[in-house]
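S.K.: Input file: run_28.cif. Contents: mmCIF, C-alpha atoms.
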```cif
data_coords
loop_
_atom_site.label_atom_id
_atom_site.label_comp_id
_atom_site.auth_asym_id
_atom_site.auth_seq_id
_atom_site.Cartn_x
_atom_site.Cartn_y
_atom_site.Cartn_z
CA MET A 1 11.20 -13.57 -39.78
CA ALA A 2 14.46 -12.53 -41.40
CA ALA A 3 12.64 -11.87 -44.67
CA VAL A 4 10.41 -9.33 -42.94
CA GLU A 5 13.40 -7.40 -41.58
CA ARG A 6 15.02 -7.37 -45.03
CA PHE A 7 11.75 -6.11 -46.50
CA LEU A 8 11.48 -3.31 -43.94
CA GLN A 9 15.11 -2.33 -44.56
CA ALA A 10 14.34 -2.17 -48.29
CA LEU A 11 11.40 0.14 -47.56
CA GLN A 12 13.63 2.40 -45.52
CA ALA A 13 16.25 2.50 -48.27
CA LYS A 14 13.53 3.42 -50.77
CA GLY A 15 12.55 6.40 -48.66
CA SER A 16 9.25 5.19 -47.22
CA SER A 17 7.98 7.22 -44.29
CA ILE A 18 8.53 6.06 -40.72
CA HIS A 19 4.75 5.83 -40.36
CA THR A 20 4.49 3.41 -43.30
CA ILE A 21 7.34 1.29 -41.99
CA ARG A 22 5.83 1.21 -38.49
CA SER A 23 2.42 0.25 -39.90
CA TYR A 24 3.89 -2.50 -42.09
CA ARG A 25 5.97 -3.86 -39.22
CA THR A 26 2.88 -4.14 -37.02
CA ALA A 27 0.88 -5.84 -39.77
CA LEU A 28 3.63 -8.37 -40.52
CA GLN A 29 4.21 -9.12 -36.84
CA VAL A 30 0.51 -9.91 -36.45
CA TYR A 31 0.65 -12.09 -39.57
CA SER A 32 3.79 -13.93 -38.42
CA GLY A 33 2.24 -14.58 -35.02
CA TRP A 34 -0.91 -15.98 -36.61
CA LEU A 35 1.07 -18.26 -38.93
CA SER A 36 3.20 -19.53 -36.06
CA SER A 37 0.21 -20.24 -33.82
CA ASN A 38 -1.43 -22.26 -36.60
CA GLY A 39 1.71 -24.03 -37.82
CA TYR A 40 1.60 -22.55 -41.35
CA ASP A 41 4.57 -21.77 -43.58
CA TRP A 42 4.71 -18.13 -44.76
CA ARG A 43 6.36 -19.19 -48.02
CA SER A 44 3.34 -21.11 -49.30
CA PRO A 45 0.09 -20.19 -47.55
CA SER A 46 -3.01 -21.57 -49.22
CA ARG A 47 -5.91 -19.38 -50.24
CA THR A 48 -8.00 -20.97 -47.47
CA GLU A 49 -5.33 -20.13 -44.90
CA LEU A 50 -5.11 -16.52 -46.08
CA ARG A 51 -8.88 -16.18 -45.93
CA GLY A 52 -8.70 -17.49 -42.38
CA PHE A 53 -6.18 -14.81 -41.48
CA LEU A 54 -8.37 -12.08 -42.97
CA ALA A 55 -11.34 -13.46 -41.05
CA SER A 56 -9.34 -13.27 -37.82
CA LEU A 57 -8.40 -9.67 -38.64
CA SER A 58 -12.02 -8.74 -39.18
CA GLU A 59 -12.84 -9.68 -35.61
CA GLY A 60 -12.43 -6.44 -33.68
CA HIS A 61 -11.01 -4.39 -36.56
CA GLY A 62 -12.68 -2.11 -39.08
CA ARG A 63 -12.49 -2.53 -42.85
CA ARG A 64 -9.89 0.20 -43.10
CA THR A 65 -7.51 -1.63 -40.73
CA VAL A 66 -8.05 -4.90 -42.58
CA ALA A 67 -7.31 -3.20 -45.91
CA GLN A 68 -4.16 -1.54 -44.53
CA ARG A 69 -2.78 -4.80 -43.21
CA LEU A 70 -3.65 -6.61 -46.42
CA ALA A 71 -1.77 -3.90 -48.33
CA ALA A 72 1.28 -4.53 -46.14
CA LEU A 73 1.10 -8.27 -46.90
CA ARG A 74 0.73 -7.64 -50.63
CA SER A 75 3.79 -5.39 -50.60
CA PHE A 76 5.79 -7.92 -48.61
CA TYR A 77 4.94 -10.80 -50.93
CA ARG A 78 5.74 -8.72 -54.02
CA TYR A 79 9.16 -8.10 -52.51
CA ALA A 80 9.57 -11.77 -51.60
CA THR A 81 8.64 -12.78 -55.17
CA ARG A 82 11.17 -10.34 -56.68
CA GLU A 83 13.85 -11.67 -54.34
CA GLN A 84 12.87 -15.25 -55.27
CA LEU A 85 12.09 -16.08 -51.65
CA VAL A 86 8.71 -17.49 -52.70
CA PRO A 87 7.60 -19.08 -55.98
CA GLY A 88 4.80 -16.56 -56.49
CA ASN A 89 2.60 -14.01 -54.78
CA PRO A 90 -0.11 -15.97 -52.91
CA LEU A 91 -2.13 -12.78 -52.43
CA ALA A 92 -2.36 -11.94 -56.13
CA ALA A 93 -5.86 -13.38 -56.56
CA LEU A 94 -7.21 -12.39 -53.14
CA PRO A 95 -9.69 -9.49 -53.34
CA THR A 96 -9.25 -6.38 -51.20
CA PRO A 97 -12.23 -5.49 -48.98
CA ARG A 98 -14.18 -2.57 -50.40
CA GLN A 99 -13.70 0.65 -48.48
CA PRO A 100 -16.42 3.22 -47.79
CA ARG A 101 -15.73 6.33 -49.84
CA ARG A 102 -15.28 9.26 -47.51
CA LEU A 103 -14.97 12.78 -48.82
CA PRO A 104 -12.32 14.88 -47.07
CA ALA A 105 -13.50 17.66 -44.78
CA VAL A 106 -12.51 21.14 -45.89
CA LEU A 107 -12.65 24.63 -44.44
CA SER A 108 -14.35 27.50 -46.15
CA VAL A 109 -12.19 30.48 -47.08
CA ALA A 110 -13.68 32.41 -44.16
CA GLU A 111 -12.90 29.58 -41.73
CA THR A 112 -9.33 29.41 -43.00
CA GLU A 113 -8.94 33.13 -42.40
CA ARG A 114 -10.30 32.69 -38.86
CA LEU A 115 -7.63 30.07 -38.22
CA ILE A 116 -4.91 32.41 -39.47
CA ASP A 117 -6.32 35.27 -37.38
CA ALA A 118 -6.36 33.02 -34.30
CA ALA A 119 -2.66 32.29 -34.80
CA GLY A 120 -1.92 36.03 -34.92
CA GLU A 121 -3.90 36.75 -31.77
CA GLU A 122 -2.08 34.29 -29.51
CA GLY A 123 0.36 35.75 -26.98
CA ASP A 124 0.41 39.42 -25.84
CA ARG A 125 0.14 38.33 -22.21
CA ALA A 126 3.66 39.12 -20.96
CA PRO A 127 4.77 42.70 -20.16
CA ALA A 128 6.27 44.43 -23.20
CA GLY A 129 10.05 44.46 -23.39
CA THR A 130 10.53 41.27 -21.37
CA LEU A 131 12.15 38.07 -22.55
CA ARG A 132 8.84 36.31 -22.18
CA ALA A 133 7.17 38.86 -24.45
CA ALA A 134 9.87 38.30 -27.06
CA MET A 135 9.29 34.55 -26.84
CA GLU A 136 5.53 34.94 -27.20
CA ARG A 137 6.04 37.19 -30.22
CA ALA A 138 8.38 34.61 -31.80
CA LEU A 139 5.85 31.81 -31.28
CA VAL A 140 3.06 33.92 -32.79
CA LEU A 141 5.16 34.67 -35.86
CA ARG A 142 6.01 30.98 -36.18
CA ASP A 143 2.40 29.81 -35.86
CA VAL A 144 1.15 32.32 -38.44
CA ALA A 145 3.92 31.21 -40.80
CA ILE A 146 3.01 27.54 -40.27
CA VAL A 147 -0.68 28.02 -41.06
CA GLU A 148 -0.01 30.34 -44.01
CA THR A 149 2.58 27.97 -45.47
CA ALA A 150 0.47 24.84 -44.98
CA TYR A 151 -2.50 26.49 -46.69
CA ALA A 152 -0.56 28.27 -49.43
CA ALA A 153 1.49 25.24 -50.48
CA GLY A 154 -0.86 22.37 -49.58
CA LEU A 155 1.77 20.52 -47.57
CA ARG A 156 1.47 17.28 -45.66
CA ILE A 157 2.33 17.62 -41.99
CA GLY A 158 5.52 15.59 -42.43
CA GLU A 159 6.59 17.86 -45.27
CA LEU A 160 5.84 20.91 -43.17
CA ALA A 161 7.86 19.62 -40.21
CA THR A 162 10.95 18.85 -42.32
CA LEU A 163 11.18 22.12 -44.23
CA THR A 164 14.56 23.82 -43.96
CA ILE A 165 15.50 27.46 -44.33
CA GLY A 166 17.25 26.59 -47.58
CA SER A 167 14.11 25.00 -49.03
CA VAL A 168 12.27 28.33 -49.06
CA GLU A 169 12.87 30.89 -51.82
CA LEU A 170 10.86 33.93 -50.80
CA ARG A 171 11.84 36.10 -53.74
CA ARG A 172 10.36 33.64 -56.22
CA GLY A 173 7.61 32.53 -53.86
CA GLU A 174 8.64 28.88 -54.03
CA VAL A 175 9.22 26.09 -51.54
CA ARG A 176 11.08 22.89 -52.35
CA VAL A 177 9.30 19.98 -50.74
CA THR A 178 10.50 16.44 -50.11
CA GLY A 179 7.39 14.28 -50.21
CA LYS A 180 6.60 10.59 -50.06
CA GLY A 181 9.34 8.32 -51.34
CA ARG A 182 11.81 11.22 -51.04
CA LYS A 183 10.40 12.70 -54.21
CA GLU A 184 10.99 16.43 -54.56
CA ARG A 185 8.56 18.95 -55.97
CA ILE A 186 8.19 22.70 -56.06
CA SER A 187 5.14 24.28 -54.48
CA LEU A 188 4.21 27.93 -54.50
CA LEU A 189 3.70 30.62 -51.89
CA GLY A 190 1.35 33.58 -52.14
CA HIS A 191 2.16 37.05 -50.81
CA PRO A 192 0.62 36.49 -47.33
CA ALA A 193 2.64 33.31 -46.82
CA ARG A 194 5.82 34.97 -48.05
CA ALA A 195 5.29 37.91 -45.71
CA ALA A 196 4.58 35.60 -42.76
CA LEU A 197 7.69 33.52 -43.46
CA LEU A 198 9.87 36.60 -43.85
CA ALA A 199 8.70 38.00 -40.51
CA TYR A 200 9.26 34.66 -38.80
CA ILE A 201 12.71 34.06 -40.32
CA GLU A 202 13.95 37.58 -39.58
CA GLU A 203 12.30 38.24 -36.21
CA GLY A 204 10.93 35.03 -34.68
CA ARG A 205 13.26 32.21 -35.55
CA PRO A 206 16.45 33.87 -34.19
CA VAL A 207 14.74 34.21 -30.79
CA LEU A 208 13.83 30.51 -30.80
CA ALA A 209 17.24 29.41 -32.09
CA ARG A 210 18.95 31.14 -29.17
CA ARG A 211 16.96 28.92 -26.81
CA ALA A 212 18.68 25.76 -28.06
CA THR A 213 20.10 23.77 -25.15
CA SER A 214 21.97 21.05 -27.05
CA PRO A 215 25.61 22.02 -27.71
CA GLU A 216 25.81 19.47 -30.52
CA SER A 217 23.08 21.06 -32.63
CA PRO A 218 22.12 24.56 -31.41
CA ASP A 219 20.51 25.32 -34.75
CA PRO A 220 19.26 22.24 -36.64
CA GLY A 221 18.58 24.19 -39.84
CA VAL A 222 14.95 23.12 -39.76
CA LEU A 223 12.65 26.01 -40.59
CA PHE A 224 10.15 25.69 -37.76
CA LEU A 225 11.57 25.50 -34.22
CA ASN A 226 9.94 24.84 -30.88
CA HIS A 227 10.30 26.95 -27.76
CA ARG A 228 13.52 25.11 -26.86
CA GLY A 229 15.18 25.90 -30.17
CA ALA A 230 14.89 22.33 -31.49
CA ALA A 231 12.98 21.18 -34.55
CA LEU A 232 9.21 21.41 -34.18
CA GLY A 233 8.02 17.93 -35.09
CA ALA A 234 4.73 16.73 -36.52
CA ARG A 235 3.32 16.09 -33.04
CA GLY A 236 4.13 19.65 -31.98
CA ILE A 237 2.49 21.07 -35.10
CA ARG A 238 -0.65 19.03 -34.44
CA TRP A 239 -0.77 20.26 -30.85
CA ARG A 240 -0.43 23.89 -31.89
CA MET A 241 -3.02 23.47 -34.62
CA GLU A 242 -5.49 22.03 -32.14
CA ARG A 243 -5.04 25.07 -29.89
CA LEU A 244 -5.63 27.38 -32.83
CA ARG A 245 -8.69 25.38 -33.88
CA VAL A 246 -10.25 25.87 -30.46
CA ALA A 247 -9.33 29.57 -30.43
CA ALA A 248 -10.89 30.04 -33.88
CA GLY A 249 -14.08 28.23 -32.86
CA LEU A 250 -13.75 25.63 -35.63
CA PRO A 251 -15.31 22.14 -35.41
CA GLU A 252 -13.45 19.14 -34.03
CA GLY A 253 -11.39 17.19 -36.52
CA VAL A 254 -9.72 20.18 -38.16
CA SER A 255 -6.05 19.28 -38.54
CA PRO A 256 -3.01 20.32 -40.57
CA HIS A 257 -4.19 17.91 -43.27
CA THR A 258 -7.52 19.76 -43.41
CA LEU A 259 -5.57 22.75 -44.71
CA ARG A 260 -4.15 20.55 -47.48
CA HIS A 261 -7.66 19.43 -48.42
CA SER A 262 -8.84 23.05 -48.32
CA PHE A 263 -5.90 24.15 -50.48
CA ALA A 264 -6.85 21.69 -53.22
CA THR A 265 -10.58 22.40 -53.04
CA HIS A 266 -10.18 26.18 -53.08
CA LEU A 267 -7.86 25.92 -56.10
CA LEU A 268 -10.48 23.92 -57.99
CA ASP A 269 -13.20 26.36 -56.89
CA GLY A 270 -11.09 29.13 -58.41
CA GLY A 271 -10.85 27.33 -61.74
CA ALA A 272 -7.45 25.61 -61.46
CA ASP A 273 -6.80 22.67 -63.76
CA LEU A 274 -6.94 19.29 -62.05
CA ARG A 275 -3.47 18.31 -63.29
CA VAL A 276 -1.97 21.50 -61.87
CA VAL A 277 -3.48 20.65 -58.49
CA GLN A 278 -2.12 17.11 -58.83
CA GLU A 279 1.39 18.44 -59.39
CA LEU A 280 1.20 20.90 -56.51
CA LEU A 281 -0.05 18.19 -54.15
CA GLY A 282 2.60 15.71 -55.28
CA HIS A 283 0.11 12.97 -56.17
CA GLU A 284 1.44 10.21 -58.39
CA SER A 285 -1.99 9.37 -59.74
CA LEU A 286 -4.60 11.79 -61.03
CA ALA A 287 -7.24 9.48 -59.55
CA THR A 288 -6.06 10.47 -56.07
CA THR A 289 -6.57 14.14 -56.88
CA GLN A 290 -9.97 13.61 -58.46
CA ILE A 291 -11.63 13.16 -55.08
CA TYR A 292 -11.42 16.94 -54.67
CA THR A 293 -13.75 17.42 -57.61
CA HIS A 294 -16.45 15.86 -55.43
CA VAL A 295 -15.91 18.34 -52.59
CA SER A 296 -15.70 21.45 -54.78
CA PRO A 297 -19.27 22.80 -55.03
CA ALA A 298 -18.27 25.67 -57.30
CA ARG A 299 -16.57 23.32 -59.75
CA LEU A 300 -19.52 20.91 -59.73
CA ARG A 301 -21.99 23.75 -60.30
CA ALA A 302 -19.90 25.22 -63.11
CA ALA A 303 -19.56 21.83 -64.80
CA TYR A 304 -23.28 21.17 -64.42
CA THR A 305 -24.26 24.58 -65.79
CA ALA A 306 -21.91 24.24 -68.74
CA SER A 307 -22.87 20.69 -69.60
CA HIS A 308 -26.48 19.89 -68.74
CA PRO A 309 -28.87 20.68 -71.63
CA ARG A 310 -31.53 22.19 -69.37
CA ALA A 311 -29.30 23.85 -66.76
CA ARG A 312 -29.38 27.28 -68.48
CA LEU A 313 -33.01 27.40 -69.60
CA GLU A 314 -35.07 30.33 -68.42
CA SER A 315 -38.13 29.65 -66.27
CA PRO A 316 -41.38 31.49 -67.05
CA ASN A 317 -40.71 34.15 -64.41
CA GLY A 318 -37.32 34.90 -65.91
CA ALA A 319 -35.27 33.07 -63.29
CA SER A 320 -32.53 30.81 -64.52
CA GLY A 321 -32.92 27.15 -63.57
CA SER A 322 -33.00 23.58 -64.71
CA GLY A 323 -36.51 23.93 -66.09
CA SER A 324 -39.80 25.55 -65.04
CA SER A 325 -42.23 24.21 -62.49
CA SER A 326 -44.47 23.07 -65.35
CA ASP A 327 -41.50 21.18 -66.74
CA GLY A 328 -41.18 19.50 -63.37
CA ALA A 329 -44.88 18.63 -63.36
CA ARG A 330 -44.61 17.11 -66.84
CA GLU A 331 -41.59 15.10 -65.68
CA ASP A 332 -43.61 13.87 -62.68
CA ARG A 333 -46.52 12.81 -64.93
CA ARG A 334 -44.19 10.97 -67.27
CA GLY A 335 -42.89 9.11 -64.22
#
```
Could you show the structure in this file as structure tokens?
M.R.:
Amino acid sequence: MAAVERFLQALQAKGSSIHTIRSYRTALQVYSGWLSSNGYDWRSPSRTELRGFLASLSEGHGRRTVAQRLAALRSFYRYATREQLVPGNPLAALPTPRQPRRLPAVLSVAETERLIDAAGEEGDRAPAGTLRAAMERALVLRDVAIVETAYAAGLRIGELATLTIGSVELRRGEVRVTGKGRKERISLLGHPARAALLAYIEEGRPVLARRATSPESPDPGVLFLNHRGAALGARGIRWRMERLRVAAGLPEGVSPHTLRHSFATHLLDGGADLRVVQELLGHESLATTQIYTHVSPARLRAAYTASHPRARLESPNGASGSGSSSDGAREDRRG
């Protein structure tokens, strides 16, 4: 449909990620195919017809996929309504399937340090003084800088892959990030991340940049380069992170985004204000950030201790607790 292509072009102009555009395109192609096979008009689908489409989606797809494709349709019809291509949004009154609430997995501080250590221990296999040794050293410096930066600044993998040299201000310990919707924010870098980036920029990156084979763009200006001197993309970062995960002996599923989750959780554990974490993560809504309060044991314990009327009572043996064993027995008898 021509309207779909115009909608996708509008998303691109607005700065939506390529992943969002690809996902929406797939969802709308499936929807268009279903409408065509059933002889329905996309401009005025009935509620019964839309329910039929959702029922067809549910066959062989999980609730998350159904919800994602329904979100694409909602966005498309909002656009079509604004552009006066349809008289109204037919999806406005259609409920979204409830999603199971999943808490993000996070690393402990010790596990994060193991990941960083694993990055620093890679290499050292080539004879010293050789070109191969210089390359291995450059890749080690790069990988340490990637992990330190991801953890220090809480970056999404796409944000990490598109950092430029000019976006990093080591003296102030700041990094300028272009996030979702091309919105810019400033995130911060601690001393270990600043030191890792300085070592990479001064010693490692020049070695990688000299490996560039394309005469048109020998140095793309992107901060993190691959072994050919080109920009290290999100796929390359994921691949390197998986190698480091295995080397560090961490469980399956640890990814660059796990470092972002760990960044937020460790900040809250340390007493950071939720709105500060929201700003550093680049979340539009505080509700998105609030999920980290449920995975921050230290914050939950502190809030419980400070708020519950019996959390700080002394038990008969002098131990602090939420009431003595006799209190518990009385509670049991009261039912």
S.K.: List the residues selected by the PyMOL selection byres ((chain A and resi 47) around 9) in the file shown, writing them as JSON, numbers by chain.
M.R.: {"A": [45, 46, 48, 49, 50, 51, 52, 90, 91, 93, 94]}
S.K.: Given the file shown, enumerate the residues that the PyMOL selection byres ((chain A and resi 302) around 12) captures and present them as a count of residues only.
M.R.: 19
S.K.: In Å to one decimal, how far is atom CA of A:Pro104 from atom CA of A:His61?
M.R.: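 A separation of 22.0 Å between them.
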S.K.: Could you list, as a PDB file with C-alpha atoms, in the frame of the given file, every residue within 6 Å of A:Arg260, counting all atoms listed in the file and ignoring same-chain residues fewer than 3 positions away?
M.R.:
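Dumped to part05.pdb:
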```pdb
ATOM      1  CA  GLY A 154      -0.860  22.370 -49.580  1.00  0.00           C
ATOM      2  CA  LEU A 155       1.770  20.520 -47.570  1.00  0.00           C
ATOM      3  CA  HIS A 257      -4.190  17.910 -43.270  1.00  0.00           C
ATOM      4  CA  PHE A 263      -5.900  24.150 -50.480  1.00  0.00           C
TER       5      PHE A 263
END
```
S.K.: What gap, in Å, lies between atom CA of A:Arg102 and atom CA of A:Pro256?
M.R.: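 Taking atom CA of A:Arg102 as the start and atom CA of A:Pro256 as the end point, the length is 17.9 Å.
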S.K.: Measure the distance from atom CA of A:Val144 to atom CA of A:Leu115 in Å and round it to one decimal.
M.R.: 9.1 Å
S.K.: Applied to this file, what does the PyMOL selection byres ((chain A and resi 8) around 12) return in terms of residues, put as a ChimeraX atom specification?
M.R.: /A:1-7,9-29,72-73,75-76,79-80
S.K.: Between A:Arg114, A:Leu274, A:Gly229, A:Ala195, which residue has the minimum interatomic distance to A:Ala247, considering only C-alpha atoms?
M.R.: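 With only C-alpha atoms as the atom set, the closest residue is A:Arg114.
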S.K.: Excluding A:Val109 and any residue of its chain fewer than 3 positions from it, enumerate the residues within 8 Å of it, using only C-alpha atoms, and give them as a PyMOL selection string.
M.R.: chain A and resi 112-113+266
S.K.: Show which residues sit within 10 Å of A:Arg176, as a list in words. Count all atoms listed in the file, and ignore same-chain residues fewer than 6 positions away.
M.R.: Glu159, Leu163, Thr164, Gly166, Ser167, Val168, Glu169, Glu184, Arg185, Ile186, Ser187 and Leu188 of chain A
S.K.: What's the 9 Å shell around A:Leu107, counting all atoms listed in the file, without same-chain residues fewer than 4 positions away, as a ChimeraX atom specification?
M.R.: /A:111-112,250,254,258-259,261-262
S.K.: Give me, as number ranges by chain, all polymer residues having an atom no more than 12 Å from A:Ala196, counting all atoms listed in the file and skipping those fewer than 3 positions away in the same chain.
M.R.: A: 116, 119-120, 138, 140-150, 152, 170, 173, 189-193, 199-205
S.K.: Only C-alpha atoms, please: the residues just picked out, written as a CSV table (one decimal), in the frame of the given file.
M.R.:
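Listed below is the output, again-v7.csv:
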```csv
chain,number,residue,atom,x,y,z
A,116,ILE,CA,-4.9,32.4,-39.5
A,119,ALA,CA,-2.7,32.3,-34.8
A,120,GLY,CA,-1.9,36.0,-34.9
A,138,ALA,CA,8.4,34.6,-31.8
A,140,VAL,CA,3.1,33.9,-32.8
A,141,LEU,CA,5.2,34.7,-35.9
A,142,ARG,CA,6.0,31.0,-36.2
A,143,ASP,CA,2.4,29.8,-35.9
A,144,VAL,CA,1.2,32.3,-38.4
A,145,ALA,CA,3.9,31.2,-40.8
A,146,ILE,CA,3.0,27.5,-40.3
A,147,VAL,CA,-0.7,28.0,-41.1
A,148,GLU,CA,0.0,30.3,-44.0
A,149,THR,CA,2.6,28.0,-45.5
A,150,ALA,CA,0.5,24.8,-45.0
A,152,ALA,CA,-0.6,28.3,-49.4
A,170,LEU,CA,10.9,33.9,-50.8
A,173,GLY,CA,7.6,32.5,-53.9
A,189,LEU,CA,3.7,30.6,-51.9
A,190,GLY,CA,1.4,33.6,-52.1
A,191,HIS,CA,2.2,37.0,-50.8
A,192,PRO,CA,0.6,36.5,-47.3
A,193,ALA,CA,2.6,33.3,-46.8
A,199,ALA,CA,8.7,38.0,-40.5
A,200,TYR,CA,9.3,34.7,-38.8
A,201,ILE,CA,12.7,34.1,-40.3
A,202,GLU,CA,14.0,37.6,-39.6
A,203,GLU,CA,12.3,38.2,-36.2
A,204,GLY,CA,10.9,35.0,-34.7
A,205,ARG,CA,13.3,32.2,-35.6
```
S.K.: Would you please work out which residue, of A:Gln278, A:Ser255, A:Asn226, A:Thr265, is nearest to A:Tyr292 when using all atoms listed in the file?
M.R.: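 Of A:Gln278, A:Ser255, A:Asn226, A:Thr265, the one nearest A:Tyr292 is A:Thr265, counting all atoms listed in the file.
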S.K.: Looking at only C-alpha atoms, which of A:Arg156, A:Arg132, A:Arg211, A:Arg63 is the one that sits closest to A:Ile237?
M.R.: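 For A:Ile237, the nearest of the given residues is A:Arg156.
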S.K.: Counting only C-alpha atoms, figure out which residue out of A:Arg228, A:Arg275, A:Arg78, A:Arg194 gets nearest to A:Tyr151.
M.R.: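 Residue with the minimum atom-to-atom distance to A:Tyr151: A:Arg194.
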